[in-house]
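Engineer: Sending over input_37.txt (compact mmCIF, C-alpha atoms).
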```txt
# COMPACT_ATOMS: atom_id res chain seq x y z
CA MET K 1 51.69 -0.49 7.81
CA SER K 2 54.15 -0.29 4.91
CA ASP K 3 57.71 0.93 5.26
CA THR K 4 56.55 4.30 3.91
CA LEU K 5 54.54 6.39 6.36
CA GLU K 6 51.66 8.03 4.51
CA VAL K 7 50.94 11.54 5.76
CA ALA K 8 47.91 13.75 5.12
CA LEU K 9 48.45 17.51 5.28
CA LEU K 10 45.58 19.65 6.54
CA VAL K 11 46.29 23.15 5.20
CA ARG K 12 44.65 26.56 5.21
CA GLY K 13 44.23 26.83 1.43
CA THR K 14 46.42 26.89 -1.64
CA ASP K 15 49.30 28.49 0.23
CA VAL K 16 50.93 28.02 3.62
CA PRO K 17 53.41 30.04 5.70
CA ALA K 18 57.03 29.38 4.73
CA TRP K 19 57.83 27.62 8.02
CA GLN K 20 55.18 24.99 7.30
CA ALA K 21 56.42 24.40 3.75
CA ASN K 22 59.99 24.15 5.03
CA ALA K 23 59.00 21.65 7.69
CA VAL K 24 57.23 19.42 5.16
CA GLU K 25 60.26 19.56 2.85
CA ALA K 26 62.51 18.52 5.75
CA MET K 27 60.14 15.67 6.65
CA VAL K 28 60.11 14.31 3.10
CA ALA K 29 63.89 14.66 2.70
CA ARG K 30 64.93 13.28 6.10
CA THR K 31 62.37 10.56 6.88
CA ASP K 32 60.63 7.69 5.10
CA ALA K 33 57.34 9.59 5.06
CA GLU K 34 55.50 10.69 1.95
CA VAL K 35 52.59 13.10 1.54
CA SER K 36 49.68 10.96 0.36
CA HIS K 37 46.84 13.48 0.80
CA VAL K 38 46.41 17.25 0.95
CA ILE K 39 43.18 18.47 2.53
CA ARG K 40 42.78 22.21 2.04
CA SER K 41 40.30 24.50 3.72
CA THR K 42 37.76 26.56 1.82
CA GLY K 43 35.38 29.12 3.23
CA SER K 44 35.62 30.57 6.71
CA VAL K 45 37.21 28.86 9.68
CA ALA K 46 35.88 29.45 13.19
CA GLY K 47 38.55 31.01 15.37
CA SER K 48 40.37 32.72 12.50
CA ASP K 49 40.33 36.39 11.58
CA GLY K 50 36.84 37.25 10.44
CA GLY K 51 37.05 40.70 8.91
CA LEU K 52 35.73 43.97 10.31
CA GLY K 53 33.23 42.41 12.71
CA HIS K 54 35.91 40.20 14.22
CA TYR K 55 38.23 43.23 14.59
CA ILE K 56 35.52 45.28 16.33
CA ASP K 57 34.85 42.43 18.77
CA ARG K 58 38.58 42.15 19.44
CA VAL K 59 38.79 45.91 20.20
CA ARG K 60 35.95 45.62 22.70
CA GLU K 61 37.45 42.59 24.43
CA TYR K 62 41.11 43.71 24.41
CA PRO K 63 41.08 47.53 24.10
CA LEU K 64 44.73 47.99 25.18
CA TRP K 65 46.21 45.07 23.26
CA THR K 66 44.45 45.60 19.94
CA PRO K 67 46.51 48.60 18.73
CA VAL K 68 49.71 47.02 20.07
CA GLY K 69 48.98 43.73 18.36
CA ALA K 70 48.00 45.52 15.14
CA ALA K 71 51.32 47.39 15.15
CA TYR K 72 53.12 44.06 15.45
CA ARG K 73 51.08 42.38 12.71
CA PHE K 74 51.52 45.17 10.19
CA THR K 75 55.28 45.46 10.46
CA ASP K 76 57.37 43.76 7.80
CA LEU K 77 56.28 40.14 7.47
CA PRO K 78 59.07 37.89 8.77
CA GLU K 79 60.47 35.42 6.28
CA TYR K 80 59.07 32.39 8.10
CA ARG K 81 55.53 33.74 7.66
CA GLU K 82 55.81 34.54 3.94
CA PRO K 83 53.20 32.57 1.97
CA ARG K 84 54.34 29.67 -0.20
CA ASP K 85 52.31 27.76 -2.75
CA VAL K 86 51.48 24.28 -1.46
CA ALA K 87 52.00 22.84 -4.95
CA GLY K 88 55.55 24.21 -4.93
CA ILE K 89 56.69 22.26 -1.85
CA ALA K 90 59.74 20.24 -2.86
CA GLY K 91 59.19 16.49 -2.70
CA LEU K 92 55.42 16.80 -2.39
CA GLY K 93 54.87 14.35 -5.23
CA ASP K 94 51.35 13.85 -6.53
CA PRO K 95 49.11 13.48 -3.47
CA GLU K 96 45.36 13.08 -3.56
CA THR K 97 43.83 16.50 -2.93
CA LEU K 98 40.50 17.48 -1.44
CA ALA K 99 38.98 20.90 -0.88
CA VAL K 100 36.84 20.99 2.25
CA GLU K 101 34.64 23.59 3.91
CA PRO K 102 34.89 23.01 7.67
CA GLU K 103 31.84 23.04 9.89
CA PRO K 104 31.62 24.72 13.32
CA ALA K 105 31.79 22.34 16.27
CA PRO K 106 28.84 22.43 18.73
CA ASP K 107 30.87 24.30 21.36
CA PHE K 108 33.92 25.85 19.68
CA GLY K 109 36.39 24.94 16.97
CA ASN K 110 35.77 23.09 13.74
CA VAL K 111 34.88 19.62 12.50
CA LEU K 112 35.29 18.05 9.07
CA PRO K 113 32.45 16.50 7.08
CA ASP K 114 32.29 12.70 6.96
CA HIS K 115 33.77 12.32 3.48
CA ALA K 116 36.81 14.37 4.53
CA VAL K 117 37.22 12.30 7.70
CA GLU K 118 37.23 9.14 5.58
CA THR K 119 39.88 10.61 3.28
CA VAL K 120 42.14 11.64 6.16
CA GLY K 121 41.71 8.14 7.58
CA GLU K 122 43.35 6.66 4.49
CA ALA K 123 46.69 8.08 5.68
CA ASP K 124 48.76 6.69 8.55
CA THR K 125 48.89 10.07 10.27
CA ALA K 126 47.94 13.67 9.54
CA ILE K 127 49.55 17.02 10.25
CA ARG K 128 47.25 19.92 11.05
CA PHE K 129 48.45 23.19 9.57
CA GLY K 130 44.98 24.64 8.98
CA PHE K 131 41.28 24.38 9.94
CA GLY K 132 41.72 26.24 13.25
CA ILE K 133 40.93 24.30 16.41
CA LEU K 134 40.13 20.87 15.02
CA LYS K 135 37.74 18.54 16.80
CA GLY K 136 35.57 15.50 16.18
CA ASP K 137 36.04 12.13 14.47
CA VAL K 138 38.97 13.23 12.32
CA LEU K 139 41.27 13.20 15.36
CA ASP K 140 41.03 9.40 15.52
CA ALA K 141 40.66 8.70 11.79
CA PRO K 142 44.34 7.99 10.94
CA GLU K 143 45.98 5.09 12.73
CA HIS K 144 48.45 7.42 14.43
CA GLY K 145 46.13 10.36 14.92
CA VAL K 146 46.52 14.00 13.92
CA LEU K 147 49.73 15.83 14.80
CA SER K 148 49.87 19.56 15.38
CA PHE K 149 52.46 22.15 16.35
CA HIS K 150 52.29 24.16 19.54
CA HIS K 151 55.07 26.73 19.62
CA GLY K 152 55.46 26.48 23.35
CA ASP K 153 55.86 23.84 26.04
CA LEU K 154 52.28 22.76 26.71
CA ARG K 155 53.38 21.51 30.12
CA LYS K 156 53.95 25.15 31.08
CA TYR K 157 52.33 27.45 28.53
CA ARG K 158 49.21 26.58 26.59
CA GLY K 159 47.15 28.88 24.42
CA MET K 160 48.45 32.01 22.72
CA PRO K 161 50.24 34.08 21.51
CA SER K 162 53.28 31.95 20.66
CA GLY K 163 56.26 32.85 22.82
CA PHE K 164 54.62 35.97 24.25
CA TRP K 165 54.12 34.90 27.84
CA GLU K 166 57.51 33.20 28.08
CA TYR K 167 59.06 36.51 26.94
CA LEU K 168 56.96 38.58 29.32
CA HIS K 169 57.79 36.29 32.28
CA ASP K 170 61.55 36.46 31.61
CA GLU K 171 61.87 32.73 30.99
CA ASP K 172 65.30 31.46 29.95
CA THR K 173 63.81 28.64 27.88
CA ALA K 174 60.76 28.17 25.72
CA GLY K 175 60.08 25.23 23.43
CA VAL K 176 58.20 23.71 20.51
CA THR K 177 55.84 20.76 20.92
CA LEU K 178 54.47 18.43 18.28
CA GLN K 179 51.35 17.00 19.89
CA LYS K 180 48.93 14.27 18.96
CA LEU K 181 45.71 16.23 19.12
CA SER K 182 42.91 15.52 21.57
CA GLU K 183 39.75 17.50 22.28
CA THR K 184 41.57 19.27 25.13
CA LEU K 185 42.96 22.57 23.90
CA ASP K 186 46.77 22.21 23.79
CA GLY K 187 46.39 19.11 25.90
CA GLY K 188 47.41 16.33 23.53
CA GLU K 189 50.10 13.69 23.88
CA ILE K 190 53.66 14.79 23.13
CA ALA K 191 55.10 13.24 19.96
CA ALA K 192 58.22 15.42 19.94
CA TYR K 193 59.60 18.40 21.84
CA GLU K 194 62.56 20.73 21.39
CA PRO K 195 63.68 23.28 24.02
CA VAL K 196 64.71 26.71 22.75
CA ASP K 197 67.07 29.11 24.54
CA ILE K 198 65.50 32.59 24.73
CA ALA K 199 67.52 33.99 27.67
CA ASP K 200 69.18 36.65 25.52
CA ALA K 201 66.26 37.29 23.14
CA PRO K 202 65.75 41.08 23.24
CA THR K 203 62.24 41.18 21.72
CA TRP K 204 59.15 39.05 21.32
CA PRO K 205 59.59 38.80 17.51
CA ASP K 206 63.09 37.42 18.18
CA VAL K 207 61.61 34.79 20.50
CA ARG K 208 59.13 33.80 17.80
CA ARG K 209 61.85 33.55 15.15
CA ARG K 210 63.79 31.16 17.36
CA LEU K 211 60.73 29.02 18.01
CA PHE K 212 59.65 28.72 14.38
CA ALA K 213 63.25 28.07 13.28
CA VAL K 214 63.27 24.65 14.99
CA SER K 215 59.95 23.50 13.48
CA ASP K 216 61.78 21.43 10.85
CA ASP K 217 63.68 19.40 13.43
CA VAL K 218 60.62 18.91 15.63
CA LEU K 219 58.52 17.55 12.76
CA VAL K 220 61.31 15.24 11.61
CA LYS K 221 61.75 13.93 15.14
CA GLY K 222 58.01 13.40 15.58
CA ILE K 223 57.55 11.59 12.27
CA ARG K 224 60.55 9.36 12.99
CA ASN K 225 59.00 8.50 16.36
CA VAL K 226 55.72 7.58 14.67
CA SER K 227 57.51 5.47 12.05
CA GLN K 228 59.47 3.62 14.74
CA GLY K 229 56.42 2.92 16.86
CA VAL K 230 57.39 5.30 19.67
CA GLU K 231 54.15 6.14 21.46
CA PRO K 232 53.42 9.82 22.23
CA GLN K 233 53.67 10.60 25.93
CA SER K 234 50.88 12.09 28.01
CA PRO K 235 52.19 15.14 29.88
CA ASP K 236 52.32 14.75 33.65
CA ASP K 237 50.87 18.22 34.01
CA LEU K 238 49.42 20.81 31.68
CA GLY K 239 50.38 24.46 31.89
CA ASP K 240 48.01 27.36 32.36
CA LEU K 241 45.90 28.30 29.34
CA TYR K 242 46.86 31.79 28.19
CA SER K 243 45.17 34.21 25.83
CA LEU K 244 45.83 37.76 24.63
CA PRO K 245 47.16 40.12 27.33
CA GLU K 246 45.10 42.75 29.11
CA GLY K 247 45.72 45.74 31.35
CA GLY K 248 49.06 45.83 33.11
CA ASP K 249 50.46 42.96 31.08
CA VAL K 250 50.12 45.05 27.92
CA LEU K 251 51.97 47.96 29.50
CA LYS K 252 54.68 45.64 30.84
CA TYR K 253 55.14 44.23 27.35
CA VAL K 254 55.36 47.68 25.72
CA VAL K 255 58.09 48.73 28.17
CA LYS K 256 60.08 45.50 27.83
CA GLU K 257 59.77 45.42 24.05
CA GLY K 258 60.85 49.05 23.83
CA LYS K 259 63.96 48.40 25.92
CA GLY K 260 64.76 45.35 23.81
CA ARG K 261 64.54 47.30 20.58
CA VAL K 262 66.86 49.97 22.00
CA ARG K 263 69.38 47.24 22.88
CA GLN K 264 69.19 45.95 19.31
CA VAL K 265 69.90 49.40 17.89
CA VAL K 266 72.72 50.17 20.34
CA GLY K 267 74.21 46.75 19.66
```
Is it possible to give me this structure as structure tokens?

Structural biologist:
Amino acid sequence: MSDTLEVALLVRGTDVPAWQANAVEAMVARTDAEVSHVIRSTGSVAGSDGGLGHYIDRVREYPLWTPVGAAYRFTDLPEYREPRDVAGIAGLGDPETLAVEPEPAPDFGNVLPDHAVETVGEADTAIRFGFGILKGDVLDAPEHGVLSFHHGDLRKYRGMPSGFWEYLHDEDTAGVTLQKLSETLDGGEIAAYEPVDIADAPTWPDVRRRLFAVSDDVLVKGIRNVSQGVEPQSPDDLGDLYSLPEGGDVLKYVVKEGKGRVRQVVG
């Protein structure tokens, strides 16, 4: 491997959320890595929002959470989620680009076609920002695998939504993991981890802001580890796999969030 670590970005399309663009800019500015390839998704991605039919299914499965989650999603978009043009990422250079339509995996998630796997394999490592739950040969195509963010400590909290269950369970600390992906959902090896203090976070959106704010540092740390030959560590234990809340957990969240918002207003 050369002194420069070649990185392939797997992105959702022509734009990415601001936190992802910021993290890539930090990686390029603070490490010896360069973006050699950009693989962008076209078409639909299994596991992502799928229009009206997906929304109706979500209402049936999570009747209490759906209106609560919709209220959260349709509030003002936080700055870290604002879309940014991939081509406008500072320091991106002139990477090879490839538009790819993912294919559904046999069980769940998505796989990439063979020509895309070969392209990703030309890089030393890849960072998954798009393509949903990624599975198949692409995970082993780059020498150092495919890295992906989990905005939580996968040794305690796997699944989704980011930061929700830590907030609901009154945890003092959450964290952000950069994992080397495996076929186990949120069960990869840990390339970098950063704890985040949430003890005084009044609301779930505040928890999320704190988690996404450290993404830059976590990616820089993980890429430096890869460059220096530091092997990702297998977690001793994996946390429970969480999903969207139901029943009493929704009501508990509404009460806690309401109290937190009052505290914010009162000061």

Engineer: Which distance in Å separates CA of Gly188 in chain K and CA of Ala201 in chain K, to one decimal?

Structural biologist: 28.2 Å

Engineer: Might you pull out every residue within 6 Å of Lys135 in chain K, with all atoms listed in the file counted and same-chain residues fewer than 2 positions away left off, and present them as JSON, numbers by chain?

Structural biologist: {"K": [110, 111, 183]}

Engineer: Please identify all polymer residues within 10 Å of Ala29 in chain K, counting only C-alpha atoms, omitting same-chain residues fewer than 5 positions from it, and present them as a ChimeraX atom specification.

Structural biologist: /K:23-24,34,90-91,220

Engineer: Go ahead and compute the interatomic distance for CA of Thr14 in chain K and CA of Ile133 in chain K, in Å to one decimal.

Structural biologist: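 Calculated distance between CA of Thr14 in chain K and CA of Ile133 in chain K is 19.0 Å.
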
Engineer: Using only C-alpha atoms, which residues sit within 10 Å of Gly43 in chain K once same-chain residues fewer than 5 positions away are excluded, as a ChimeraX atom specification?

Structural biologist: /K:12-13,99-103

Engineer: The selected residues should be written to file as an mmCIF file, in the frame of the given file (atoms: C-alpha atoms).

Structural biologist:
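Writing done, so here's part.cif:
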```
data_model
loop_
_atom_site.group_PDB
_atom_site.id
_atom_site.type_symbol
_atom_site.label_atom_id
_atom_site.label_comp_id
_atom_site.auth_asym_id
_atom_site.auth_seq_id
_atom_site.Cartn_x
_atom_site.Cartn_y
_atom_site.Cartn_z
ATOM 1 C CA ARG K 12 44.650 26.560 5.210
ATOM 2 C CA GLY K 13 44.230 26.830 1.430
ATOM 3 C CA ALA K 99 38.980 20.900 -0.880
ATOM 4 C CA VAL K 100 36.840 20.990 2.250
ATOM 5 C CA GLU K 101 34.640 23.590 3.910
ATOM 6 C CA PRO K 102 34.890 23.010 7.670
ATOM 7 C CA GLU K 103 31.840 23.040 9.890
#
```

Engineer: So how far away is CA of Phe131 in chain K from CA of Leu112 in chain K, in Å?

Structural biologist: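 CA of Leu112 in chain K sits 8.8 Å away from CA of Phe131 in chain K.
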
Engineer: So that I can check the surroundings of Ala123 in chain K, please list as a short mmCIF file (atom, residue, chain, number, x, y, z; two decimals) with C-alpha atoms, in the frame of the given file every protein, DNA and RNA residue that reaches within 8 Å of it, counting all atoms listed in the file and ignoring chain neighbours fewer than 4 positions away.

Structural biologist:
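Output below, filename selection25.cif:
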```
data_model
loop_
_atom_site.label_atom_id
_atom_site.label_comp_id
_atom_site.auth_asym_id
_atom_site.auth_seq_id
_atom_site.Cartn_x
_atom_site.Cartn_y
_atom_site.Cartn_z
CA GLU K 6 51.66 8.03 4.51
CA VAL K 7 50.94 11.54 5.76
CA ALA K 8 47.91 13.75 5.12
CA SER K 36 49.68 10.96 0.36
CA HIS K 37 46.84 13.48 0.80
CA THR K 119 39.88 10.61 3.28
CA PRO K 142 44.34 7.99 10.94
CA GLU K 143 45.98 5.09 12.73
#
```

Engineer: Excluding same-chain residues fewer than 2 positions from Thr184 in chain K, what lies within 12 Å of it counting all atoms listed in the file, as an NGL selection string?

Structural biologist: :K and (108-109 or 133-136 or 139 or 154 or 158-159 or 179-182 or 186-189 or 238 or 241)

Engineer: Write out the residues from the selection above, keeping C-alpha atoms, as a tab-separated table (two decimals), in the frame of the given file.

Structural biologist:
```tsv
chain	number	residue	atom	x	y	z
K	108	PHE	CA	33.92	25.85	19.68
K	109	GLY	CA	36.39	24.94	16.97
K	133	ILE	CA	40.93	24.30	16.41
K	134	LEU	CA	40.13	20.87	15.02
K	135	LYS	CA	37.74	18.54	16.80
K	136	GLY	CA	35.57	15.50	16.18
K	139	LEU	CA	41.27	13.20	15.36
K	154	LEU	CA	52.28	22.76	26.71
K	158	ARG	CA	49.21	26.58	26.59
K	159	GLY	CA	47.15	28.88	24.42
K	179	GLN	CA	51.35	17.00	19.89
K	180	LYS	CA	48.93	14.27	18.96
K	181	LEU	CA	45.71	16.23	19.12
K	182	SER	CA	42.91	15.52	21.57
K	186	ASP	CA	46.77	22.21	23.79
K	187	GLY	CA	46.39	19.11	25.90
K	188	GLY	CA	47.41	16.33	23.53
K	189	GLU	CA	50.10	13.69	23.88
K	238	LEU	CA	49.42	20.81	31.68
K	241	LEU	CA	45.90	28.30	29.34
```

Engineer: Of the candidates K:Pro161, K:Gly222, K:Pro205, K:Gly69, which one gets nearest to Thr125 in chain K if we count only C-alpha atoms?

Structural biologist: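 The shortest atom-to-atom distance to Thr125 in chain K comes from K:Gly222.
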
Engineer: With all atoms listed in the file as the atoms that count, which of K:Gly121, K:Asp236, K:Pro83, K:Trp19 lies nearest to Val218 in chain K?

Structural biologist: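 Of K:Gly121, K:Asp236, K:Pro83, K:Trp19, the one nearest Val218 in chain K is K:Trp19, counting all atoms listed in the file.
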
Engineer: From the set K:Lys156, K:Gly93, K:Glu257, K:Val117, which residue has the shortest atom-to-atom contact distance to Asp140 in chain K, counting only C-alpha atoms?

Structural biologist: K:Val117

Engineer: Give the answer as one residue: which of K:Arg208, K:Gln264, K:Asp85, K:Leu9 has the shortest atom-to-atom distance to Ser148 in chain K, using all atoms listed in the file?

Structural biologist: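 Among the listed residues, K:Leu9 lies closest to Ser148 in chain K.
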
Engineer: Point out the residue among K:Val16, K:Ile127, K:Val35, K:Leu5 with the least atom-to-atom distance to Leu219 in chain K, counting all atoms listed in the file.

Structural biologist: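 Ranking K:Val16, K:Ile127, K:Val35, K:Leu5 by distance to Leu219 in chain K, first place goes to K:Ile127.
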
Engineer: Which residue out of K:His169, K:Arg263, K:Asp249, K:Thr42 has the minimum interatomic distance to Ala199 in chain K when all atoms listed in the file are used?

Structural biologist: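 Using all atoms listed in the file, Ala199 in chain K sits closest to K:His169.
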